Amino acid sequence: MGLNVIIVGAGEVGYHLADRLSLEGHKITIIDRDEEKIKRIERYLNVMAIRGSGASAKILEQAGIKETDLFVAVTNSDEINLIACLLAKEYGVPRKIARVRSEDYLTSGSPLNEQKLGLDLIINPARVLAEEIVRLSEISEATDWAEFARGRVILLGYQIREGCPLTGLSLAALRDLRSLYDFLVVAIVRGGTTIIPSGSDVIQVGDKIFLITKKKDIPAIEYLLGFTSKTPSRVFIIGGGQVGSLVARQMEAKKIEVFLVEKDKARCEELAEEFKHTVVLHLDGLEAQELLKEGIDRADLVIAVTDSDTVNILSALLAKHHGARKGIVRIDRPDFIPLLSPLGIDVALSPRLLAANQILRFVRRGQILSVATFLGSEAEVVEMVVPDTPYFREAKRLQELPFPKGAIVGAIYRAGEVIIPKGETELHPGDDLIIFVQREALPKIEKLFGP
Amino acid sequence: MRLGTVLYLLGWFLLFFALALLVPLIVDLWFDENRSWVYFLSAGISAGSGALLVAALEPEEEIGYREGFAVVVFAWLAAGVFGALPYIFNGYLGFVDAFFESVSGFTTTGSTVFASLENLPKALHFWRAFTQWLGGMGIIILSLAVLPLLGIGGMQLYQAEMPGPTKDKLTPRIQDTARILWGVYLFFTILEVLLLLAGGLNLYEAFCHAFTTLATGGFSTRTASIAGFHSAYIDYVVTFFMFMAGVNFTLHYRFLRGDFSVYFRNEEFRFYLLVGSLGVAICLLFNFVSQTYTHWLTNLRYSLFQVWSIMTTTGYGTADFDRWHPICRLLLLILMVFGGMAGSTGGGIKQVRLLIFFKFIRLQFRKLIHPRAVEIIRYDGEKVPSDVTEAILGYMALYLLVFLGASLLVTAQGLDLITAISAVCATLNNIGPGLAKVGPTQHFGWLPNFSKLILTFCMLAGRLELYTVAILFSPGYWRDLRLPVFRFKRPD
């Protein structure tokens with residue numbers, strides 16, 4: 001049965017979480033002070049919405065905190081989130097998650113740390129975003145990236161452009177290449193909709209394809225598919241806030257040449273003090289002439305992470321227009337995401353959605369080992385273990401299973417070995433499956449592999 | 001508006017509805033009436049049409065706010081049409097009459113076209129009562145409770161079938177709320193069956209009447225309605241359950257969970273009780289003055305029963321109130337408009353809307369006296385947001401418009417004023433009997449077909465609280481219509 005969940009804060013993170021968790025059958029109560037947000041939730045989501053403060057014991061009792069299994073505090077205020085979680089601790093809620101921005105609460109020596117506060121997970125959207133950016137910058141052409149089975153299996157997303165050798169090939173034709181390299185195209189995103197492909201589907205310009213492969217085969221696959229792969233050597237970061245400096249710090253540690261662009265003079269001075277090798281530029285991200293003089297046209301990667309979506313989008317577009325190879329953009333309004341891929345922006349990341357996804361990953365801990373969710377597509381990847389039930393005790397072939405529409409097994413991880421499956425591959429209890437699935441089909445998959 | 005999604009869901013609804021059409025078979029077989037083919041054929045037609053829609057159409061995305069209205073209205077129309085089949089196949093009624101009777105059932109109106117009920121087969125009686133029971137708590141809400149399919153977009157469907165001005169969700173998931181409401185509804189139905197059995201009714205009649213009481217429907221197996229039992233005990237039991245059916249079912253649930261003061265803490269409940277009691281008091285007084293009933297206990301029995309029967313929009317009869325003092329007749333006509341509480345099975349405008357409406361009038365007076373004063377409307381101790389007040393005022397205006405329009409169309413057929421107006425009032429508020437030629441001892445069978453259709457529309461509009469139906473008549477709703485996508489395409 002579904003969990004009883006209380007979410008405090010109906011902003012982007014709270015809304016997204018409530019939407020996803022309620023679709024999976026959990027019982028959600030969401031609390032916010034803003035009447036408009038409550039109305040929006042009541043209109044569109046199948047959850048209980050209560051207007052009031054999440055740091056009020058009376059409201060929490062009204063929300064049924066005594067029977068709650070999971071408590072999530074994701075308002076914009078660190079203090080409200082922490083107080084709400086402390087209250088939840090007093091009511092004996094077993095699992096608590098708080099969104100905390102301030103570094104003061106996060107450093108390990110801090111007098112108020114995770115253990116003291118009784119939190120199971122602290123989410124800092126800026127950190128999550130910085131980690132994702134660094135990870136994506138390692139694989140130069142991939143727009144999406146997720147790792148499974150302790151890093152042995154990788155799922156990659158690629159944008160198909162004019163001149164790509166895959167254009168016009170059917171998946172059946174691609175499959176013939178598989179005798180050489182193990183990979184499987186598990187989804188195609190075309191015009192905003194996700195297709196779980198069959199052999200007759202043909203790859204077209206403008207598609208985004210998701211393929212699953214072994215980590216060791218990545219260079220070969222990228223070569224085969226005409227995607228070049230190399231670590232960037234020259235990176236421009238637009239926006240020297242928390243995210244920008246976190247990314248710059250990690251890139252600097254990797255001996256990458258980093259240019260950090262920030263328009264606030266005082267902040268520039270702080271940054272200059274912090275970094276030894278990074279060049280801190282006192283510029284606006286839209287001053288193209290100045291940036292060109294600094295060599296943004298020869299950058300391998302432009303990362304735009306200011307607080308303004310429009311500045312991020314425009315500065316990345318300008319840089320790419322002048323010749324920068326790849327752009328990663330921070331977006332706070334998810335509404336813009338579908339616009340970006342046709343405009344030529346390679347990766348758009350929303351810190352709020354990333355934070356929500358990290359919480360989802362935590363909630364589903366258990367049978368599902370890890371989850372990655374992709375922006376702009378309704379599909380996600382889940383990792384599941386074949387249970388030791390009588391049904392699975394006699395070996396089942398993949399093609400015999402009552403697999404729901406909109407789901408495909410991308411890889412099997414068994415006793416230290418990775419298998420990219422075919423229809424006749426057999427499943428055994430204890431196998432780790434990596435399943436690509438459309439949101440609606442997820443409950444069916446959970447049922448199929450449930451205990 | 002994605003017509004494909006709407007029709008696809010309608011297909012599933014018809015498959016589900018076919019099961020309901022099989023229920024009267026139990027009665028048919030029990031009493032050896034040898035008409036089981038009627039129900040098999042009706043269920044077959046419903047299931048066949050449903051299967052056709054489900055097989056042919058590709059559902060697109062989840063249903064949105066707009067689709068919700070269309071699904072609910074189409075489902076209710078379909079219930080009316082396919083629910084009419086047993087009347088037609090049994091050979092008693094033509095299409096218009098059968099459709100009227102069927103919609104009157106599902107909307108828990110209780111107006112009938114049958115002049116005499118005693119010669120109908122028992123299974124058909126059972127079907128009449130069963131349609132009211134299904135419609136009482138809501139067929140869509142029942143589907144939500146039992147069909148996992150409607151999980152996505154269930155919110156939209158729930159709001160379209162149970163619009164009400166107050167939101168009282170009991171649980172985070174709408175499916176759980178639907179299950180609880182149907183559970184409480186079932187509990188009260190069984191309770192009434194037991195109490196009616198204790199009063200000497202047989203099992204079949206006990207079920208038929210419990211179904212139509214809890215639904216505030218009013219269909220009876222006897223032409224004389226509840227009066228046919230000649231029992232004060234039955235009258236009081238039925239009065240009690242009509243009263244309970246007019247109360248918000250979420251209050252019942254909270255009461256059953258041990259919160260015993262929940263009824264009197266609720267402002268709408270206090271108002272409901274007050275209006276009903278005032279009605280009873282006036283009827284008692286004038287029935288005494290006009291010497292209609294000589295014994296005070298007889299007077300109490302009939303006045304109590306009739307006032308609650310009319311105000312909860314049940315429409316059972318124990319007395320011919322059309323022969324009462326004129327003020328009582330008009331009073332009953334006014335009480336028809338009040339209806340039950342929001343979240344009850346009763347129809348009408350709903351107590352809470354009138355309560356807030358009266359508070360709004362009082363507010364206007366205060367504003368005239370203190371032009372600079374800042375005043376709010378309070379309900380149940382909390383401020384009523386101005387958009388809720390506006391929605392209620394809009395509702396009243398639309399109600400008046402539909403009421404006048406329908407009355408005009410019915411009088412155009414040459415009916416006398418009292419008959420026409422009371423017929424519209426009785427159907428729009430889902431009561432059943434009106435006054436004069438559609439009074440408690442009369443029936444609707446003699447009306448011209450056009451009037452029957454107008455009244456059928458009133459029943460549906462009243463049950464779905466006007467806006468859900470009215471929205472389908474606004475051109476803006478259909479402007480971005482997307483035609484269905486068929487599964488089987490011609491090969492290119």
# chains A, B, ... in the order shown; residues from 1 in each chain; ligands from 1

$ interface_residues --of "chain B" --to "chain A" --cutoff "6 Å" --atoms "only C-alpha atoms" --output "PyMOL selection string"
chain B and resi 155+172-173

$ write_last_selection --atoms "C-alpha atoms" --output "PDB file, in the first residue's frame"
ATOM      1  CA  MET B 155     -10.013  14.472  -9.344  1.00  0.00           C
ATOM      2  CA  PRO B 172      -5.458  12.547   0.166  1.00  0.00           C
ATOM      3  CA  ARG B 173      -6.428  10.129  -2.588  1.00  0.00           C
TER       4      ARG B 173
END

$ residues_around --residues "range 397-401 of chain A" --least-positions-apart "6" --cutoff "8 Å" --atoms "only C-alpha atoms" --output "PDB file with C-alpha atoms, in the first residue's frame"
ATOM      1  CA  LYS A 422      17.531  -9.928 -26.033  1.00  0.00           C
ATOM      2  CA  GLY A 423      14.021 -11.429 -26.053  1.00  0.00           C
ATOM      3  CA  GLU A 424      15.314 -14.895 -25.292  1.00  0.00           C
ATOM      4  CA  THR A 425      17.461 -13.845 -22.321  1.00  0.00           C
ATOM      5  CA  GLU A 426      16.391 -15.659 -19.139  1.00  0.00           C
ATOM      6  CA  LEU A 427      15.781 -13.970 -15.787  1.00  0.00           C
TER       7      LEU A 427
END

$ residues_around --residues "range 234-251 of chain A" --least-positions-apart "2" --cutoff "8 Å" --atoms "only C-alpha atoms" --output "PyMOL selection string"
chain A and resi 126-127+129-131+133-134+232+253-263+267-268+271+275+278+285+296+298-307+312+315

$ write_last_selection --atoms "C-alpha atoms" --output "PDB file, in the first residue's frame"
ATOM      1  CA  ALA A 126      22.758  24.197  -5.512  1.00  0.00           C
ATOM      2  CA  ARG A 127      24.993  21.269  -4.633  1.00  0.00           C
ATOM      3  CA  LEU A 129      22.955  21.018  -9.558  1.00  0.00           C
ATOM      4  CA  ALA A 130      26.728  21.504  -9.350  1.00  0.00           C
ATOM      5  CA  GLU A 131      27.310  17.750  -9.105  1.00  0.00           C
ATOM      6  CA  ILE A 133      26.890  19.729 -14.190  1.00  0.00           C
ATOM      7  CA  VAL A 134      30.318  18.319 -13.404  1.00  0.00           C
ATOM      8  CA  PRO A 232      36.702  19.753 -21.856  1.00  0.00           C
ATOM      9  CA  ALA A 253      40.792  20.504  -9.258  1.00  0.00           C
ATOM     10  CA  LYS A 254      40.757  18.651 -12.597  1.00  0.00           C
ATOM     11  CA  LYS A 255      43.216  21.088 -14.177  1.00  0.00           C
ATOM     12  CA  ILE A 256      40.584  22.499 -16.503  1.00  0.00           C
ATOM     13  CA  GLU A 257      41.021  26.092 -17.639  1.00  0.00           C
ATOM     14  CA  VAL A 258      38.040  27.877 -16.070  1.00  0.00           C
ATOM     15  CA  PHE A 259      36.706  31.393 -16.774  1.00  0.00           C
ATOM     16  CA  LEU A 260      34.195  32.518 -14.172  1.00  0.00           C
ATOM     17  CA  VAL A 261      31.981  35.414 -15.267  1.00  0.00           C
ATOM     18  CA  GLU A 262      30.176  37.460 -12.617  1.00  0.00           C
ATOM     19  CA  LYS A 263      28.620  40.896 -12.935  1.00  0.00           C
ATOM     20  CA  ARG A 267      31.352  39.059  -5.473  1.00  0.00           C
ATOM     21  CA  CYS A 268      34.126  38.972  -8.081  1.00  0.00           C
ATOM     22  CA  LEU A 271      35.786  34.732  -5.932  1.00  0.00           C
ATOM     23  CA  PHE A 275      40.420  30.666  -6.673  1.00  0.00           C
ATOM     24  CA  THR A 278      40.445  30.307 -12.383  1.00  0.00           C
ATOM     25  CA  GLY A 285      26.962  37.224 -19.354  1.00  0.00           C
ATOM     26  CA  ILE A 296      34.478  32.207 -25.399  1.00  0.00           C
ATOM     27  CA  ARG A 298      36.946  28.530 -28.436  1.00  0.00           C
ATOM     28  CA  ALA A 299      35.320  27.167 -25.248  1.00  0.00           C
ATOM     29  CA  ASP A 300      34.513  23.466 -25.084  1.00  0.00           C
ATOM     30  CA  LEU A 301      31.753  24.118 -22.641  1.00  0.00           C
ATOM     31  CA  VAL A 302      29.690  27.091 -21.500  1.00  0.00           C
ATOM     32  CA  ILE A 303      27.822  26.723 -18.229  1.00  0.00           C
ATOM     33  CA  ALA A 304      25.218  29.437 -17.561  1.00  0.00           C
ATOM     34  CA  VAL A 305      24.078  29.359 -13.952  1.00  0.00           C
ATOM     35  CA  THR A 306      22.961  32.890 -13.011  1.00  0.00           C
ATOM     36  CA  ASP A 307      19.685  33.443 -11.169  1.00  0.00           C
ATOM     37  CA  ASN A 312      21.250  31.907 -18.919  1.00  0.00           C
ATOM     38  CA  SER A 315      24.281  33.867 -22.949  1.00  0.00           C
TER      39      SER A 315
END

$ residues_around --residues "range 66-70 of chain A" --least-positions-apart "3" --cutoff "8 Å" --atoms "only C-alpha atoms" --output "list in words"
Leu3, Asn4, Val5, Ile6, Glu61, Tyr91, Gly92, Val93, Pro94, Arg95, Lys96 and Ile97 of chain A

$ select_by_dssp --residues "range 79-113 of chain B" --states "alpha helix (DSSP H)" --output "list of chain:residue names"
B:Ala79, B:Gly80, B:Val81, B:Phe82, B:Gly83, B:Leu85, B:Pro86, B:Tyr87, B:Ile88, B:Phe89, B:Phe95, B:Val96, B:Asp97, B:Ala98, B:Phe99, B:Phe100, B:Glu101, B:Ser102, B:Val103, B:Ser104, B:Gly105, B:Phe106

$ residues_around --residues "Val385 in chain A" --least-positions-apart "6" --cutoff "6 Å" --atoms "only C-alpha atoms" --output "VMD selection string"
chain A and resid 430 to 433

$ closest_residue --among "B:Trp12, B:Leu144, B:Leu25, B:Phe95" --to "Asn449 in chain B" --atoms "only C-alpha atoms"
B:Phe95

$ closest_residue --among "A:Thr389, A:Gln159, A:Thr213, A:Ser102" --to "Ile345 in chain A" --atoms "only C-alpha atoms"
A:Gln159

$ atom_distance --atom1 "CA of Ala198 in chain B" --atom2 "CA of Asn119 in chain B"
25.9 Å

$ atom_distance --atom1 "CA of Leu335 in chain B" --atom2 "CA of Asp168 in chain B"
24.9 Å

$ atom_distance --atom1 "CA of Glu380 in chain A" --atom2 "CA of Ala220 in chain A"
25.3 Å

$ residues_around --residues "Thr221 in chain B" --least-positions-apart "4" --cutoff "8 Å" --atoms "only C-alpha atoms" --output "ChimeraX atom specification"
/B:117-118,125,205,208-209,225

$ write_last_selection --atoms "N, CA and C atoms" --output "JSON list (two decimals), in the first residue's frame"
[["chain", "number", "residue", "atom", "x", "y", "z"],
["B", 117, "LEU", "N", -48.48, 1.28, -10.41],
["B", 117, "LEU", "CA", -47.21, 0.56, -10.32],
["B", 117, "LEU", "C", -47.39, -0.92, -10.00],
["B", 118, "GLU", "N", -48.57, -1.27, -9.50],
["B", 118, "GLU", "CA", -48.72, -2.61, -8.93],
["B", 118, "GLU", "C", -48.54, -3.73, -9.95],
["B", 125, "HIS", "N", -39.25, -3.24, -10.92],
["B", 125, "HIS", "CA", -39.32, -2.39, -9.74],
["B", 125, "HIS", "C", -37.95, -2.28, -9.10],
["B", 205, "GLU", "N", -39.21, -5.62, -0.74],
["B", 205, "GLU", "CA", -39.69, -4.24, -0.58],
["B", 205, "GLU", "C", -38.79, -3.42, 0.34],
["B", 208, "CYS", "N", -35.92, -2.30, -1.91],
["B", 208, "CYS", "CA", -36.34, -1.27, -2.85],
["B", 208, "CYS", "C", -36.49, 0.07, -2.15],
["B", 209, "HIS", "N", -37.08, 0.08, -0.95],
["B", 209, "HIS", "CA", -37.33, 1.36, -0.28],
["B", 209, "HIS", "C", -36.08, 1.91, 0.39],
["B", 225, "SER", "N", -47.25, 5.05, -2.74],
["B", 225, "SER", "CA", -45.98, 5.34, -2.09],
["B", 225, "SER", "C", -45.95, 4.78, -0.67]]

$ residues_around --residues "Ala319 in chain B" --least-positions-apart "5" --cutoff "8 Å" --atoms "only C-alpha atoms" --output "number ranges by chain"
B: 227, 302, 306

$ closest_residue --among "B:Leu157, B:Ala51, B:Ala129, B:Leu481" --to "Gly64 in chain B" --atoms "only C-alpha atoms"
B:Leu157

$ select_by_dssp --residues "range 222-370 of chain A" --states "strand (DSSP E)" --output "ChimeraX atom specification"
/A:234-238,257-262,279-282,301-304,327-330,347-349

$ closest_residue --among "B:Phe358, B:Phe219, B:Phe457, B:Phe188" --to "Val402 in chain B" --atoms "only C-alpha atoms"
B:Phe457

$ closest_residue --among "B:Leu435, B:Leu464, B:Val146, B:Val184" --to "Asp320 in chain B" --atoms "only C-alpha atoms"
B:Leu435
